[in-house]
>>> print(open('run-v4.cif').read())   # mmCIF, C-alpha atoms
data_input
#
loop_
_atom_site.label_atom_id
_atom_site.label_comp_id
_atom_site.auth_asym_id
_atom_site.auth_seq_id
_atom_site.Cartn_x
_atom_site.Cartn_y
_atom_site.Cartn_z
CA MET R 1 160.87 -238.57 9.91
CA LYS R 2 160.10 -235.95 7.28
CA THR R 3 156.38 -236.59 7.80
CA SER R 4 156.72 -236.00 11.55
CA ILE R 5 158.58 -232.73 11.03
CA LEU R 6 155.99 -231.55 8.53
CA TYR R 7 153.19 -232.40 10.99
CA VAL R 8 154.89 -230.40 13.75
CA VAL R 9 155.35 -227.42 11.43
CA MET R 10 151.68 -227.57 10.47
CA LEU R 11 150.62 -227.60 14.13
CA MET R 12 152.91 -224.65 14.88
CA THR R 13 151.47 -222.70 11.93
CA ILE R 14 147.89 -223.36 13.08
CA SER R 15 148.79 -222.33 16.63
CA VAL R 16 150.37 -219.07 15.45
CA GLY R 17 147.32 -218.35 13.28
CA CYS R 18 144.97 -218.86 16.23
CA GLN R 19 147.09 -216.61 18.43
CA GLN R 20 147.10 -213.88 15.78
CA SER R 21 143.32 -214.16 15.40
CA GLN R 22 142.83 -213.88 19.17
CA LYS R 23 145.17 -210.87 19.26
CA LYS R 24 143.16 -209.13 16.51
CA GLN R 25 139.96 -209.82 18.42
CA GLN R 26 141.42 -208.33 21.60
CA ASP R 27 142.63 -205.26 19.70
CA TYR R 28 139.17 -204.74 18.18
CA LYS R 29 137.49 -205.00 21.57
CA ALA R 30 139.91 -202.45 23.04
CA GLN R 31 139.29 -200.03 20.15
CA GLU R 32 135.54 -200.57 20.49
CA THR R 33 135.58 -199.72 24.21
CA GLN R 34 137.61 -196.57 23.62
CA LYS R 35 135.38 -195.34 20.79
CA GLN R 36 132.17 -195.98 22.70
CA ALA R 37 133.52 -193.92 25.56
CA ARG R 38 134.49 -190.85 23.55
CA VAL R 39 132.03 -190.70 20.61
CA THR R 40 128.39 -189.69 20.71
CA PRO R 41 126.45 -191.61 18.04
CA VAL R 42 124.80 -189.67 15.23
CA GLU R 43 121.15 -190.43 14.40
CA ALA R 44 120.25 -190.52 10.72
CA GLU R 45 117.29 -188.38 9.75
CA VAL R 46 113.91 -190.11 9.50
CA GLU R 47 112.43 -189.41 6.04
CA GLN R 48 108.75 -190.03 5.29
CA GLY R 49 108.59 -192.46 8.20
CA LEU R 50 111.57 -194.50 6.96
CA ARG R 51 114.54 -195.15 9.21
CA LYS R 52 118.13 -196.11 8.38
CA ALA R 53 120.44 -198.74 9.83
CA TYR R 54 124.12 -199.38 9.14
CA PHE R 55 125.94 -202.72 9.03
CA ALA R 56 129.37 -203.95 7.93
CA SER R 57 129.57 -207.68 7.23
CA GLY R 58 132.25 -208.40 4.66
CA CYS R 59 131.94 -207.42 1.01
CA TYR R 60 128.91 -205.26 0.34
CA TRP R 61 128.33 -207.13 -2.92
CA CYS R 62 127.16 -209.97 -0.63
CA VAL R 63 125.33 -208.01 2.06
CA GLU R 64 123.35 -205.63 -0.16
CA PRO R 65 121.20 -208.35 -1.84
CA ILE R 66 120.50 -210.04 1.50
CA TYR R 67 118.90 -206.93 2.98
CA GLU R 68 117.20 -205.97 -0.28
CA SER R 69 115.30 -209.26 -0.10
CA LEU R 70 113.57 -208.41 3.21
CA TYR R 71 109.99 -207.31 3.76
CA GLY R 72 109.92 -203.72 4.95
CA VAL R 73 113.28 -202.76 3.42
CA GLU R 74 112.82 -199.99 0.84
CA ASN R 75 116.40 -199.51 -0.29
CA VAL R 76 119.97 -200.62 0.40
CA ILE R 77 122.99 -198.49 -0.45
CA SER R 78 126.60 -199.68 -0.44
CA GLY R 79 129.29 -197.49 1.05
CA TYR R 80 131.90 -197.03 3.75
CA SER R 81 131.85 -196.24 7.45
CA GLY R 82 133.91 -196.55 10.62
CA GLY R 83 137.07 -194.86 9.35
CA HIS R 84 138.93 -191.58 9.52
CA THR R 85 139.26 -190.52 5.87
CA LYS R 86 136.77 -188.09 4.34
CA LYS R 87 135.11 -189.04 1.03
CA PRO R 88 137.01 -192.32 0.70
CA THR R 89 137.16 -194.10 -2.63
CA TYR R 90 136.87 -197.85 -3.14
CA LYS R 91 140.55 -198.05 -4.03
CA GLU R 92 141.50 -196.26 -0.82
CA VAL R 93 139.22 -198.36 1.37
CA VAL R 94 140.39 -201.73 0.03
CA SER R 95 143.96 -200.68 0.78
CA GLY R 96 143.01 -200.97 4.45
CA LYS R 97 144.53 -197.57 5.23
CA THR R 98 141.40 -195.45 5.71
CA GLY R 99 140.00 -197.34 8.70
CA HIS R 100 136.68 -197.76 6.91
CA ALA R 101 134.76 -201.00 6.47
CA GLU R 102 132.52 -201.78 3.52
CA THR R 103 129.10 -200.90 4.93
CA ILE R 104 125.49 -200.90 3.83
CA GLU R 105 122.82 -198.32 4.59
CA VAL R 106 119.46 -200.04 5.05
CA VAL R 107 116.41 -197.83 4.51
CA TYR R 108 113.47 -199.55 6.17
CA ASP R 109 109.89 -199.10 7.32
CA PRO R 110 109.78 -199.64 11.11
CA GLN R 111 106.08 -200.46 10.81
CA GLN R 112 107.00 -203.59 8.83
CA ILE R 113 110.41 -204.61 10.17
CA ASP R 114 112.23 -203.53 13.32
CA PHE R 115 115.89 -203.00 14.18
CA LYS R 116 116.04 -206.22 16.20
CA THR R 117 115.02 -208.24 13.15
CA LEU R 118 117.65 -206.47 11.06
CA VAL R 119 120.24 -207.51 13.65
CA ASP R 120 118.90 -211.08 13.59
CA VAL R 121 119.41 -211.09 9.83
CA TYR R 122 122.89 -209.65 10.30
CA PHE R 123 124.06 -212.52 12.47
CA ASN R 124 122.10 -215.15 10.56
CA SER R 125 123.83 -214.26 7.30
CA GLN R 126 127.49 -214.39 8.29
CA ASN R 127 130.18 -216.40 10.04
CA VAL R 128 129.84 -214.73 13.44
CA THR R 129 133.27 -215.76 14.73
CA GLN R 130 135.37 -214.84 11.68
CA VAL R 131 137.69 -212.00 12.65
CA ASN R 132 138.66 -209.26 10.21
CA GLY R 133 136.62 -210.48 7.25
CA GLN R 134 133.96 -212.79 5.84
CA GLY R 135 134.56 -215.84 3.70
CA PRO R 136 137.46 -215.28 1.31
CA ASP R 137 137.51 -211.52 1.96
CA SER R 138 140.07 -210.68 4.61
CA GLY R 139 141.26 -207.36 6.00
CA SER R 140 140.04 -204.53 8.19
CA GLN R 141 137.94 -203.18 5.31
CA TYR R 142 135.83 -206.37 5.53
CA ARG R 143 135.47 -206.56 9.30
CA SER R 144 132.03 -206.96 10.89
CA ILE R 145 130.51 -203.93 12.63
CA ILE R 146 127.05 -203.02 13.90
CA PHE R 147 126.75 -199.24 13.99
CA TYR R 148 124.27 -198.07 16.64
CA GLN R 149 122.60 -194.65 16.55
CA ASN R 150 121.19 -194.55 20.07
CA SER R 151 121.18 -196.42 23.37
CA GLU R 152 118.22 -198.59 22.36
CA GLU R 153 119.97 -199.92 19.24
CA LYS R 154 123.16 -200.47 21.25
CA GLU R 155 121.29 -202.49 23.86
CA ILE R 156 119.50 -204.60 21.23
CA ALA R 157 122.76 -205.42 19.48
CA GLN R 158 124.64 -206.10 22.73
CA GLN R 159 121.92 -208.48 23.94
CA GLN R 160 122.19 -210.44 20.70
CA ILE R 161 125.98 -210.58 20.98
CA ASP R 162 125.78 -211.79 24.59
CA ALA R 163 123.21 -214.45 23.68
CA LEU R 164 125.35 -215.74 20.83
CA ASN R 165 128.52 -215.76 22.92
CA ALA R 166 126.72 -217.98 25.43
CA THR R 167 126.21 -220.62 22.71
CA ILE R 168 129.62 -220.52 21.01
CA GLU R 169 131.99 -223.29 22.09
CA LYS R 170 135.17 -221.79 20.66
CA GLY R 171 135.97 -218.12 20.11
CA GLU R 172 133.39 -215.36 20.36
CA VAL R 173 131.32 -213.01 18.24
CA ALA R 174 133.76 -211.02 16.11
CA ALA R 175 131.45 -208.10 15.26
CA GLN R 176 132.35 -204.71 16.69
CA LEU R 177 129.63 -202.55 18.19
CA LEU R 178 130.40 -198.94 17.33
CA PRO R 179 128.59 -195.58 17.46
CA PHE R 180 127.49 -194.44 14.03
CA GLU R 181 129.22 -191.28 12.82
CA LYS R 182 129.21 -190.95 9.04
CA PHE R 183 128.28 -192.98 5.97
CA TRP R 184 130.00 -192.38 2.64
CA LYS R 185 128.16 -193.70 -0.42
CA ALA R 186 130.24 -195.94 -2.68
CA GLU R 187 130.79 -195.34 -6.37
CA ALA R 188 127.91 -195.99 -8.78
CA GLU R 189 129.46 -199.20 -10.12
CA HIS R 190 129.14 -200.79 -6.66
CA GLN R 191 125.42 -200.11 -6.27
CA ASN R 192 123.11 -203.05 -7.04
CA PHE R 193 126.20 -204.91 -8.18
CA LYS R 194 124.65 -208.38 -8.10
CA LYS R 195 121.61 -207.33 -10.15
CA ARG R 196 123.75 -205.65 -12.78
CA ASN R 197 126.45 -208.35 -12.88
CA PRO R 198 124.70 -211.71 -12.37
CA ASN R 199 127.44 -213.66 -14.15
CA ASN R 200 130.34 -212.10 -12.28
CA ARG R 201 132.56 -214.87 -10.84
CA TYR R 202 132.51 -213.41 -7.35
CA ILE R 203 128.71 -213.22 -7.43
CA LEU R 204 128.41 -216.81 -8.66
CA ASN R 205 130.98 -218.32 -6.30
CA VAL R 206 130.70 -216.21 -3.14
CA SER R 207 127.70 -213.90 -3.03
CA ASN R 208 125.06 -216.31 -4.35
CA PRO R 209 126.02 -219.22 -2.05
CA ARG R 210 125.99 -216.89 0.96
CA PHE R 211 122.55 -215.61 -0.02
CA GLU R 212 121.19 -219.13 -0.51
CA ARG R 213 122.43 -220.19 2.93
CA PHE R 214 120.60 -217.23 4.44
CA LYS R 215 117.39 -217.97 2.52
CA GLU R 216 117.23 -221.50 3.88
CA THR R 217 116.65 -220.24 7.42
CA SER R 218 114.74 -217.01 6.78
CA GLN R 219 111.97 -217.67 4.26
CA GLU R 220 109.37 -215.89 6.41
CA LEU R 221 111.28 -212.59 6.11
CA LEU R 222 111.63 -212.55 2.34
CA LYS R 223 109.64 -210.50 -0.14
CA GLU R 224 107.60 -212.41 -2.66
CA GLU R 225 109.59 -212.93 -5.84
#
>>> encode(input="run-v4.cif", output="C-alpha coordinates")
Amino acid sequence: MKTSILYVVMLMTISVGCQQSQKKQQDYKAQETQKQARVTPVEAEVEQGLRKAYFASGCYWCVEPIYESLYGVENVISGYSGGHTKKPTYKEVVSGKTGHAETIEVVYDPQQIDFKTLVDVYFNSQNVTQVNGQGPDSGSQYRSIIFYQNSEEKEIAQQQIDALNATIEKGEVAAQLLPFEKFWKAEAEHQNFKKRNPNNRYILNVSNPRFERFKETSQELLKEE
(Lines of atoms letter the chains of each structure in order from A and count residues from 1; the text may use other names and numbers.)
(Lines give C-alpha, C1' and ligand atoms only; values in the text may rest on other atoms or scores of the structure.)
Protein backbone atom coordinates (compact mmCIF):
# COMPACT_ATOMS: atom_id res chain seq x y z
CA MET A 1 0.00 0.00 0.00
CA LYS A 2 2.79 2.38 0.95
CA THR A 3 4.54 1.56 -2.34
CA SER A 4 1.41 2.42 -4.32
CA ILE A 5 1.00 5.75 -2.54
CA LEU A 6 4.65 6.60 -3.13
CA TYR A 7 4.28 5.75 -6.83
CA VAL A 8 1.25 8.03 -7.14
CA VAL A 9 3.09 10.87 -5.41
CA MET A 10 6.03 10.44 -7.77
CA LEU A 11 3.75 10.59 -10.81
CA MET A 12 2.05 13.72 -9.45
CA THR A 13 5.44 15.37 -8.85
CA ILE A 14 6.59 14.58 -12.39
CA SER A 15 3.32 15.90 -13.82
CA VAL A 16 3.61 19.16 -11.87
CA GLY A 17 7.23 19.55 -13.01
CA CYS A 18 6.24 19.09 -16.66
CA GLN A 19 3.42 21.61 -16.30
CA GLN A 20 5.76 24.16 -14.72
CA SER A 21 8.30 23.62 -17.52
CA GLN A 22 5.62 24.13 -20.17
CA LYS A 23 4.42 27.27 -18.37
CA LYS A 24 7.97 28.69 -18.35
CA GLN A 25 8.30 27.95 -22.05
CA GLN A 26 5.02 29.73 -22.80
CA ASP A 27 6.09 32.73 -20.71
CA TYR A 28 9.42 32.94 -22.58
CA LYS A 29 7.69 32.81 -25.95
CA ALA A 30 5.30 35.60 -24.92
CA GLN A 31 8.20 37.77 -23.70
CA GLU A 32 10.11 37.03 -26.90
CA THR A 33 7.21 38.13 -29.11
CA GLN A 34 6.75 41.35 -27.15
CA LYS A 35 10.44 42.25 -27.24
CA GLN A 36 10.79 41.55 -30.96
CA ALA A 37 7.88 43.87 -31.61
CA ARG A 38 9.18 46.85 -29.65
CA VAL A 39 13.00 46.65 -29.85
CA THR A 40 15.19 47.45 -32.84
CA PRO A 41 18.30 45.24 -32.77
CA VAL A 42 21.71 46.88 -32.42
CA GLU A 43 24.47 45.85 -34.83
CA ALA A 44 27.94 45.45 -33.35
CA GLU A 45 30.68 47.35 -35.15
CA VAL A 46 32.73 45.41 -37.69
CA GLU A 47 36.43 45.78 -36.80
CA GLN A 48 39.17 44.89 -39.30
CA GLY A 49 36.73 42.66 -41.15
CA LEU A 50 35.76 40.72 -38.01
CA ARG A 51 32.13 40.40 -36.97
CA LYS A 52 30.57 39.61 -33.60
CA ALA A 53 27.80 37.23 -32.59
CA TYR A 54 26.09 36.76 -29.23
CA PHE A 55 24.78 33.54 -27.69
CA ALA A 56 23.51 32.45 -24.27
CA SER A 57 23.61 28.69 -23.66
CA GLY A 58 23.99 27.97 -19.98
CA CYS A 59 27.17 28.67 -18.04
CA TYR A 60 29.72 30.60 -20.08
CA TRP A 61 32.49 28.48 -18.58
CA CYS A 62 31.11 25.74 -20.86
CA VAL A 63 30.23 27.76 -23.95
CA GLU A 64 33.40 29.86 -24.23
CA PRO A 65 35.78 26.91 -24.91
CA ILE A 66 33.38 25.41 -27.47
CA TYR A 67 33.43 28.51 -29.65
CA GLU A 68 37.13 29.14 -29.07
CA SER A 69 37.83 25.76 -30.67
CA LEU A 70 36.29 26.73 -34.05
CA TYR A 71 38.10 27.65 -37.25
CA GLY A 72 37.51 31.30 -38.04
CA VAL A 73 36.82 32.36 -34.45
CA GLU A 74 39.39 34.91 -33.29
CA ASN A 75 38.20 35.53 -29.75
CA VAL A 76 35.42 34.69 -27.30
CA ILE A 77 34.49 36.93 -24.39
CA SER A 78 32.22 35.96 -21.50
CA GLY A 79 29.62 38.41 -20.26
CA TYR A 80 25.96 39.21 -19.79
CA SER A 81 23.11 40.24 -22.06
CA GLY A 82 19.32 40.27 -22.31
CA GLY A 83 18.60 42.05 -19.04
CA HIS A 84 17.65 45.45 -17.68
CA THR A 85 20.46 46.28 -15.23
CA LYS A 86 23.39 48.45 -16.32
CA LYS A 87 26.93 47.18 -15.65
CA PRO A 88 25.76 44.00 -13.91
CA THR A 89 28.16 42.01 -11.78
CA TYR A 90 28.41 38.22 -11.68
CA LYS A 91 26.90 38.19 -8.20
CA GLU A 92 23.94 40.24 -9.38
CA VAL A 93 23.36 38.17 -12.50
CA VAL A 94 23.43 34.79 -10.73
CA SER A 95 20.79 36.10 -8.34
CA GLY A 96 18.41 36.00 -11.29
CA LYS A 97 17.19 39.53 -10.57
CA THR A 98 18.87 41.49 -13.38
CA GLY A 99 17.14 39.72 -16.28
CA HIS A 100 20.52 38.98 -17.86
CA ALA A 101 21.72 35.61 -19.10
CA GLU A 102 25.34 34.49 -19.13
CA THR A 103 26.34 35.27 -22.71
CA ILE A 104 29.37 34.97 -24.94
CA GLU A 105 30.59 37.43 -27.55
CA VAL A 106 32.07 35.55 -30.51
CA VAL A 107 34.52 37.53 -32.64
CA TYR A 108 34.80 35.75 -35.98
CA ASP A 109 36.06 36.06 -39.53
CA PRO A 110 33.05 35.77 -41.89
CA GLN A 111 35.42 34.71 -44.66
CA GLN A 112 36.18 31.51 -42.71
CA ILE A 113 32.98 30.80 -40.78
CA ASP A 114 29.48 32.19 -41.22
CA PHE A 115 26.66 33.00 -38.82
CA LYS A 116 24.67 29.94 -39.88
CA THR A 117 27.52 27.66 -38.85
CA LEU A 118 27.78 29.44 -35.50
CA VAL A 119 24.08 28.74 -34.99
CA ASP A 120 24.61 25.10 -35.99
CA VAL A 121 27.29 24.86 -33.32
CA TYR A 122 24.97 26.54 -30.84
CA PHE A 123 22.28 23.90 -31.18
CA ASN A 124 24.73 21.03 -31.58
CA SER A 125 26.39 21.80 -28.25
CA GLN A 126 23.40 21.95 -25.91
CA ASN A 127 20.21 20.23 -24.80
CA VAL A 128 17.86 22.11 -27.12
CA THR A 129 14.69 21.38 -25.14
CA GLN A 130 15.95 22.22 -21.64
CA VAL A 131 14.05 25.24 -20.39
CA ASN A 132 15.67 27.87 -18.17
CA GLY A 133 19.13 26.33 -18.01
CA GLN A 134 21.64 23.78 -19.28
CA GLY A 135 22.71 20.63 -17.50
CA PRO A 136 22.94 21.20 -13.74
CA ASP A 137 22.72 24.99 -14.12
CA SER A 138 19.15 26.16 -13.67
CA GLY A 139 17.64 29.64 -13.58
CA SER A 140 16.88 32.53 -15.89
CA GLN A 141 20.56 33.55 -15.85
CA TYR A 142 21.34 30.26 -17.65
CA ARG A 143 18.54 30.31 -20.19
CA SER A 144 19.28 29.81 -23.90
CA ILE A 145 19.09 32.85 -26.18
CA ILE A 146 20.22 33.64 -29.71
CA PHE A 147 20.66 37.39 -30.05
CA TYR A 148 20.14 38.58 -33.62
CA GLN A 149 21.51 41.88 -34.94
CA ASN A 150 19.56 42.14 -38.18
CA SER A 151 16.76 40.49 -40.15
CA GLU A 152 19.14 38.09 -41.89
CA GLU A 153 20.46 36.66 -38.61
CA LYS A 154 16.91 36.44 -37.26
CA GLU A 155 15.77 34.49 -40.31
CA ILE A 156 18.73 32.10 -40.15
CA ALA A 157 18.11 31.36 -36.48
CA GLN A 158 14.33 31.01 -36.92
CA GLN A 159 14.78 28.56 -39.80
CA GLN A 160 17.03 26.41 -37.63
CA ILE A 161 14.53 26.52 -34.77
CA ASP A 162 11.66 25.54 -37.08
CA ALA A 163 13.68 22.68 -38.57
CA LEU A 164 14.56 21.33 -35.14
CA ASN A 165 11.00 21.65 -33.85
CA ALA A 166 9.87 19.50 -36.78
CA THR A 167 12.11 16.65 -35.54
CA ILE A 168 11.43 16.85 -31.79
CA GLU A 169 8.91 14.30 -30.53
CA LYS A 170 8.29 15.89 -27.13
CA GLY A 171 8.58 19.55 -26.19
CA GLU A 172 10.17 22.17 -28.43
CA VAL A 173 13.31 24.24 -28.83
CA ALA A 174 13.73 26.22 -25.62
CA ALA A 175 16.05 28.93 -26.97
CA GLN A 176 14.67 32.46 -27.13
CA LEU A 177 15.29 34.54 -30.23
CA LEU A 178 15.85 38.13 -29.12
CA PRO A 179 17.13 41.37 -30.68
CA PHE A 180 20.63 42.21 -29.51
CA GLU A 181 20.84 45.39 -27.42
CA LYS A 182 23.89 45.45 -25.17
CA PHE A 183 26.72 43.17 -24.05
CA TRP A 184 28.39 43.65 -20.69
CA LYS A 185 31.81 42.02 -20.31
CA ALA A 186 32.17 39.76 -17.27
CA GLU A 187 34.83 40.14 -14.63
CA ALA A 188 38.42 39.15 -15.47
CA GLU A 189 38.27 35.96 -13.41
CA HIS A 190 35.56 34.59 -15.73
CA GLN A 191 37.53 35.07 -18.95
CA ASN A 192 39.26 31.95 -20.30
CA PHE A 193 38.16 30.21 -17.14
CA LYS A 194 38.70 26.67 -18.40
CA LYS A 195 42.24 27.39 -19.61
CA ARG A 196 43.22 29.01 -16.33
CA ASN A 197 41.44 26.48 -14.09
CA PRO A 198 41.78 23.06 -15.78
CA ASN A 199 41.39 21.16 -12.50
CA ASN A 200 38.31 23.02 -11.31
CA ARG A 201 35.58 20.49 -10.37
CA TYR A 202 32.96 22.18 -12.52
CA ILE A 203 35.31 22.14 -15.51
CA LEU A 204 36.15 18.46 -15.00
CA ASN A 205 32.60 17.27 -14.33
CA VAL A 206 30.43 19.56 -16.47
CA SER A 207 32.35 21.70 -18.96
CA ASN A 208 34.75 19.04 -20.25
CA PRO A 209 32.09 16.36 -20.85
CA ARG A 210 29.91 18.89 -22.69
CA PHE A 211 32.86 19.89 -24.87
CA GLU A 212 33.75 16.26 -25.64
CA ARG A 213 30.17 15.51 -26.70
CA PHE A 214 30.32 18.46 -29.09
CA LYS A 215 33.71 17.40 -30.50
CA GLU A 216 32.40 13.96 -31.42
CA THR A 217 30.04 15.42 -34.02
CA SER A 218 31.98 18.48 -35.19
CA GLN A 219 35.58 17.48 -35.89
CA GLU A 220 35.58 19.24 -39.27
CA LEU A 221 34.97 22.63 -37.59
CA LEU A 222 37.78 22.43 -35.05
CA LYS A 223 41.13 24.19 -35.17
CA GLU A 224 44.18 22.00 -35.27
CA GLU A 225 45.48 21.38 -31.77
>>> resolve_selection(input="run-v4.cif", expression="the PyMOL selection byres ((chain R and resi 114-119) around 8)", output="list in words")
Ala53, Asp109, Pro110, Gln111, Gln112, Ile113, Asp120, Val121, Tyr122, Phe123, Glu153, Ile156, Ala157 and Gln160 of chain R
>>> resolve_selection(input="run-v4.cif", expression="the PyMOL selection byres ((chain R and resi 146-148) around 12)", output="PyMOL selection string")
chain R and resi 32+35-36+39-44+52-58+80-82+101-106+115-116+118-123+143-145+149-158+160-161+173-183
>>> atom_distance(input="run-v4.cif", atom1="CA of Gly139 (chain R)", atom2="CA of Gly96 (chain R)")
6.8 Å
>>> closest_residue(input="run-v4.cif", among="R:Pro136, R:Ser218, R:His84, R:Thr98", to="Val206 (chain R)", atoms="only C-alpha atoms")
R:Pro136
>>> residues_around(input="run-v4.cif", residues="Cys59 (chain R)", least_positions_apart="4", cutoff="12 Å", atoms="only C-alpha atoms", output="JSON, numbers by chain")
{"R": [55, 63, 64, 65, 66, 78, 79, 80, 90, 93, 94, 101, 102, 103, 104, 126, 132, 133, 134, 135, 136, 137, 138, 139, 140, 141, 142, 143, 144, 190, 193, 194, 202, 203, 206, 207, 210]}
>>> atom_distance(input="run-v4.cif", atom1="CA of Glu187 (chain R)", atom2="CA of Phe214 (chain R)")
26.5 Å
>>> atom_distance(input="run-v4.cif", atom1="CA of Thr217 (chain R)", atom2="CA of Thr167 (chain R)")
18.0 Å
>>> closest_residue(input="run-v4.cif", among="R:Ser125, R:Ser95, R:Val73, R:Tyr67", to="Pro209 (chain R)", atoms="all atoms listed in the file")
R:Ser125
>>> closest_residue(input="run-v4.cif", among="R:Ile77, R:Val107, R:Ala186, R:Leu70", to="Glu220 (chain R)", atoms="all atoms listed in the file")
R:Leu70
>>> closest_residue(input="run-v4.cif", among="R:Leu50, R:Asn199, R:Leu221, R:Glu172", to="Asn127 (chain R)", atoms="only C-alpha atoms")
R:Glu172
